[in-house]
Amino acid sequence: MMTLRNLPIKTKLIAMMMLSASIGIFVMAVVISINEAVTMRHDIEAELATLAQVIGSRSTGSLTFNDPRTANENLNALATKKDIVYAAIYQEDGLLFAEYKTTAGNSSLQQQDSSRLTRILHFVSAGKFAGTIEVSNDINFENKQIGTVQIQSDMTTFFVKLLRYLSWVVITLLGCFALSFAVSTRLHKLISTPILDLQAVTSTLAKDDDYSVRIPIYSSDELGNLINSFNTMLEQIEIRDQKLAEYSKHLEILVDERTGELTEANNRRIQWLENMAKFLKHELKNASIGVKSSLELIERRSQQPSINIYLERAKKSLNYMNILLTSVSNASSLEAMIYKEPLNPVNLGLIVKSQIDEYKLSYPQYQFIGDIDHHLNIMGNEDRLRQLLDNLVNNAIEHSHLRTPVTVNLLNNAGIAEISVINEGVKLPDDKDKIFDLFVSLRDAGHWKSDNLGLGLYLVKLITEGHGGWVQASDLPDKAGAIFTVKIPQLVN
Amino acid sequence: MEHINNALRFLAVLILTAVISLTAFAQENIVSEDTLKALYSYKFTLFTDWPEEKLTESNDTLEFCIIGKNPFGQPALDTIQGQPAKDKSIHVEVYHSGVLSEESLNHCHVAFISASETHRMTTLLNSLQQFPILTISDIPGFSSRGGMITLIKSGDHIKFEINLGAIKQAKLTMSSKIIELATMVKTSNEERN
């Protein structure tokens, strides 16, 4: 059954039609053959009965006048019937009166009995159609039974007729099968062609996503209605796709417009910030020069130590203000530069390696450990990447205990280049998501060793996002300390 | 010794009784010639058809007339007397020698001409041929002289000759079932004359 299910629908339809027709024809042939065999046997029996009646009628004189010679002559007339192997006339009291035997009939019968056909027929018909047929008929004269005629016939004629009939049945069956096959190979198209068209179109749809195709309709039956509905569905999908394409195009235009507007607004904001930073730097620098010179004059002329303390405090504040102005100016400049500078293929492994070597020279009191994959390439700006590493390492040094290692790793994680900088020391604040924001510093909380304007990690975030990546910070799982991880997509090929 | 004589006497009586019984049994099973001829004559009536008017003129008997000296013994006559034939029963009647009237002859369905009538057989046949009467006889040459059926003894069997011309002339019909058993003869003109 599974094999039949997996056959093509064309073959399946032909097989179904052939099978149905074959079963019907075969059953009909079997029934007709059996009926014919039974009828033929009945005909033979009827013929023998007629012969027995004729012989009996002709033998009434012989029986009446006790003349077996004439009775034998009557029986010998049966020699023309080759099937009859034995015949006899018995008197009223059952004594044998006349007899006819044919030696040829007996040998024929024996041959028949030993033939394979007889054995088969004997087996199939449970003995009904094999061996001999025997018919007895009473001989009546003047309303009185005066004797009996018995005739035995072998089945030679029956078998010959039956074989001839079965041959014709087999030939007719083969002809019917051939005709059935010829008709079914044409008729199956009524059903298979629309289904195969449907299957071909659905394959085309799945492969090419082309909803403009249509299936030809051959009939107005259920299959025709199905194809019509399918075509209608394709038409609706095609219209919907056209509308979607229009909406998509409109949306793309809209997004482009909005993106342009946002980019322009962002550029204006960055430009405004840069200008503002330059302006403040310039104006506050001029102002601070005046303040500084005034403070120096006051310091030279004033001999009071208490005033010197205030002056020193004012100079320190002024110095911090200058640093602040420089940092803001650098940050705004960097933000503007990051989106303007082109990105090129760079070997990140070499950059990280050279930077670590430099840190070892610059910070001999710290131990730097590195696990570097030297074959990681990304699209990037080498200067900005070095700046990113500087900020991360500075942040680690600032928040680590002396003589504790600072670990810098560069790994390939499923197409993502991962730079991680790990230090042992101060834990991260609870609100760790804000540490990458501009001017956010937890210095006042007392955890940080040096002054911190909150610009370093902001620059790290800025440079990372400029390279299409993202940055995250977390505490070390087993000891006090932090791990900062920068993830940037690798260069494909 | 006396005992032995008694025993021998008893054995002799026993053997004699057995022999007598066996002889009687054998005689009972051997059909005599006259009985056989009577039976044959009766059976001819079964295969013969008379004109309808001939059969209707007698009520319920089929007259079997023996003309001349009766050749059959009483057992033979008893064998056929009252036997069924043509939905009637056989009635045997003996007509001794003498001149028979036409009325008497017409009364018969079967006329068995006894051998005692050999000398006037031709006259008898000439008288009978105008009536639908089946004529049978065991006189040799009976059929060839215008008789219908002649019974001829042949060994232990009885054969018969049939003269179909005489049967046809008497407006009788004989079944072909016995014609094939008989020897066909024709009327010899010399004999008739």
# chains A, B, ... in the order shown; residues from 1 in each chain; ligands from 1
>>> select_by_dssp(residues="segment 91-142 of chain B", states="helix (DSSP H, G or I)", output="PyMOL selection string")
chain B and resi 102-107+115-128
>>> write_last_selection(atoms="N, CA and C atoms", output="tab-separated table (two decimals), in the first residue's frame")
chain	number	residue	atom	x	y	z
B	102	GLU	N	-68.46	-64.83	-41.05
B	102	GLU	CA	-67.69	-63.58	-41.06
B	102	GLU	C	-67.86	-62.83	-39.75
B	103	GLU	N	-69.06	-62.98	-39.19
B	103	GLU	CA	-69.32	-62.30	-37.92
B	103	GLU	C	-68.41	-62.83	-36.83
B	104	SER	N	-68.25	-64.17	-36.86
B	104	SER	CA	-67.37	-64.79	-35.86
B	104	SER	C	-65.93	-64.33	-36.07
B	105	LEU	N	-65.51	-64.30	-37.34
B	105	LEU	CA	-64.12	-63.89	-37.62
B	105	LEU	C	-63.90	-62.42	-37.24
B	106	ASN	N	-64.88	-61.59	-37.60
B	106	ASN	CA	-64.72	-60.15	-37.33
B	106	ASN	C	-64.67	-59.86	-35.84
B	107	HIS	N	-65.14	-60.83	-35.08
B	107	HIS	CA	-65.15	-60.66	-33.65
B	107	HIS	C	-63.73	-60.70	-33.08
B	115	ALA	N	-51.97	-75.59	-36.44
B	115	ALA	CA	-51.38	-76.44	-37.48
B	115	ALA	C	-52.41	-77.41	-38.06
B	116	SER	N	-53.48	-77.66	-37.32
B	116	SER	CA	-54.51	-78.56	-37.81
B	116	SER	C	-55.26	-77.98	-39.01
B	117	GLU	N	-55.09	-76.66	-39.23
B	117	GLU	CA	-55.81	-75.98	-40.32
B	117	GLU	C	-54.91	-75.76	-41.54
B	118	THR	N	-53.83	-76.51	-41.57
B	118	THR	CA	-52.87	-76.30	-42.67
B	118	THR	C	-53.54	-76.50	-44.02
B	119	HIS	N	-54.35	-77.45	-44.10
B	119	HIS	CA	-54.94	-77.80	-45.39
B	119	HIS	C	-55.91	-76.73	-45.89
B	120	ARG	N	-56.49	-75.99	-45.03
B	120	ARG	CA	-57.42	-74.95	-45.51
B	120	ARG	C	-56.95	-73.54	-45.11
B	121	MET	N	-55.64	-73.47	-44.97
B	121	MET	CA	-55.06	-72.20	-44.54
B	121	MET	C	-55.34	-71.07	-45.55
B	122	THR	N	-55.25	-71.42	-46.83
B	122	THR	CA	-55.44	-70.39	-47.86
B	122	THR	C	-56.86	-69.83	-47.80
B	123	THR	N	-57.81	-70.71	-47.62
B	123	THR	CA	-59.20	-70.27	-47.53
B	123	THR	C	-59.41	-69.38	-46.32
B	124	LEU	N	-58.82	-69.84	-45.27
B	124	LEU	CA	-58.96	-69.05	-44.03
B	124	LEU	C	-58.35	-67.65	-44.20
B	125	LEU	N	-57.18	-67.65	-44.78
B	125	LEU	CA	-56.50	-66.35	-44.94
B	125	LEU	C	-57.30	-65.44	-45.88
B	126	ASN	N	-57.85	-66.03	-46.91
B	126	ASN	CA	-58.67	-65.22	-47.81
B	126	ASN	C	-59.88	-64.63	-47.09
B	127	SER	N	-60.41	-65.40	-46.14
B	127	SER	CA	-61.56	-64.91	-45.38
B	127	SER	C	-61.12	-63.82	-44.39
B	128	LEU	N	-59.94	-64.05	-43.84
B	128	LEU	CA	-59.51	-63.13	-42.77
B	128	LEU	C	-58.94	-61.81	-43.31
>>> interface_residues(of="chain B", to="chain A", cutoff="7 Å", atoms="only C-alpha atoms", output="VMD selection string")
chain B and resid 177 to 178 181
>>> write_last_selection(atoms="C-alpha atoms", output="PDB file, in the first residue's frame")
ATOM      1  CA  LYS B 177     -39.423 -52.123 -32.518  1.00  0.00           C
ATOM      2  CA  ILE B 178     -40.235 -55.720 -33.386  1.00  0.00           C
ATOM      3  CA  LEU B 181     -36.307 -58.526 -34.582  1.00  0.00           C
TER       4      LEU B 181
END
>>> select_by_dssp(residues="segment 272-413 of chain A", states="strand (DSSP E)", output="ChimeraX atom specification")
/A:344-347,367-372,377-380,405-413
>>> residues_around(residues="Asp209 of chain A", least_positions_apart="3", cutoff="12 Å", atoms="only C-alpha atoms", output="list in words")
Val201, Thr202, Ser203, Thr204, Leu205, Ala206, Ser212, Val213, Leu234, Ile237, Glu238 and Asp241 of chain A
>>> write_last_selection(atoms="N, CA and C atoms", output="short mmCIF file (atom, residue, chain, number, x, y, z; two decimals), in the first residue's frame")
data_model
loop_
_atom_site.label_atom_id
_atom_site.label_comp_id
_atom_site.auth_asym_id
_atom_site.auth_seq_id
_atom_site.Cartn_x
_atom_site.Cartn_y
_atom_site.Cartn_z
N VAL A 201 2.54 24.49 -11.04
CA VAL A 201 2.44 25.93 -10.72
C VAL A 201 2.87 26.18 -9.28
N THR A 202 2.47 25.31 -8.35
CA THR A 202 2.88 25.51 -6.95
C THR A 202 4.40 25.39 -6.82
N SER A 203 5.02 24.47 -7.61
CA SER A 203 6.48 24.35 -7.58
C SER A 203 7.13 25.63 -8.11
N THR A 204 6.56 26.16 -9.19
CA THR A 204 7.09 27.40 -9.75
C THR A 204 6.96 28.53 -8.73
N LEU A 205 5.82 28.57 -8.04
CA LEU A 205 5.60 29.61 -7.03
C LEU A 205 6.64 29.50 -5.92
N ALA A 206 6.87 28.24 -5.47
CA ALA A 206 7.82 28.04 -4.37
C ALA A 206 9.23 28.41 -4.81
N SER A 212 2.30 35.64 -10.96
CA SER A 212 1.57 36.05 -12.17
C SER A 212 1.14 34.84 -13.00
N VAL A 213 1.64 33.64 -12.63
CA VAL A 213 1.28 32.45 -13.41
C VAL A 213 -0.18 32.07 -13.14
N LEU A 234 -4.29 33.31 -6.49
CA LEU A 234 -3.04 33.85 -7.04
C LEU A 234 -3.21 35.30 -7.45
N ILE A 237 -3.24 37.39 -4.38
CA ILE A 237 -1.88 37.51 -3.82
C ILE A 237 -1.05 38.46 -4.67
N GLU A 238 -1.22 38.37 -5.99
CA GLU A 238 -0.46 39.24 -6.88
C GLU A 238 -0.82 40.71 -6.63
N ASP A 241 0.66 41.70 -3.37
CA ASP A 241 2.10 41.90 -3.49
C ASP A 241 2.42 43.24 -4.13
#
>>> residues_around(residues="Met184 of chain B", least_positions_apart="5", cutoff="9 Å", atoms="only C-alpha atoms", output="list in words")
Ser143, Phe160, Glu161, Ile162, Asn163, Leu164 and Ile179 of chain B
>>> residues_around(residues="segment 83-95 of chain B", least_positions_apart="5", cutoff="8 Å", atoms="only C-alpha atoms", output="VMD selection string")
(chain A and resid 142) or (chain B and resid 45 to 46 60 to 70 77)
>>> residues_around(residues="segment 152-163 of chain A", least_positions_apart="5", cutoff="7 Å", atoms="only C-alpha atoms", output="list in words")
Ala37, Met40, Asp83, Ile84, Val85, Tyr86, Ala87, Leu109, Ala130, Gly131, Thr132, Ile133, Glu134 and Val135 of chain A
>>> write_last_selection(atoms="C-alpha atoms", output="compact mmCIF listing (two decimals), in the first residue's frame")
# COMPACT_ATOMS: atom_id res chain seq x y z
CA ALA A 37 -18.80 -25.59 -17.14
CA MET A 40 -21.85 -27.99 -20.39
CA ASP A 83 -17.05 -40.25 -25.42
CA ILE A 84 -19.28 -43.18 -24.49
CA VAL A 85 -17.13 -45.86 -22.95
CA TYR A 86 -19.75 -48.20 -21.60
CA ALA A 87 -23.43 -48.90 -22.08
CA LEU A 109 -10.30 -42.48 -20.04
CA ALA A 130 -13.35 -35.36 -13.78
CA GLY A 131 -13.77 -39.08 -14.48
CA THR A 132 -16.98 -40.24 -16.12
CA ILE A 133 -20.59 -39.26 -16.28
CA GLU A 134 -23.09 -42.05 -15.76
CA VAL A 135 -26.74 -41.87 -16.74
>>> residues_around(residues="Val346 of chain A", least_positions_apart="5", cutoff="9 Å", atoms="only C-alpha atoms", output="PDB file with C-alpha atoms, in the first residue's frame")
ATOM      1  CA  ILE A 351      46.868  46.518  16.866  1.00  0.00           C
ATOM      2  CA  LEU A 376      41.168  38.791  13.367  1.00  0.00           C
ATOM      3  CA  ASN A 377      40.402  41.430  10.762  1.00  0.00           C
ATOM      4  CA  ILE A 378      37.696  44.028  10.994  1.00  0.00           C
ATOM      5  CA  MET A 379      36.581  47.157   9.127  1.00  0.00           C
ATOM      6  CA  GLY A 380      37.929  49.933  11.312  1.00  0.00           C
ATOM      7  CA  ASN A 381      39.959  53.010  11.931  1.00  0.00           C
ATOM      8  CA  GLU A 382      43.333  52.087  13.440  1.00  0.00           C
ATOM      9  CA  LEU A 491      35.483  41.259   8.251  1.00  0.00           C
TER      10      LEU A 491
END
>>> atom_distance(atom1="atom CA of Asp156 of chain B", atom2="atom CA of Leu39 of chain B")
14.6 Å
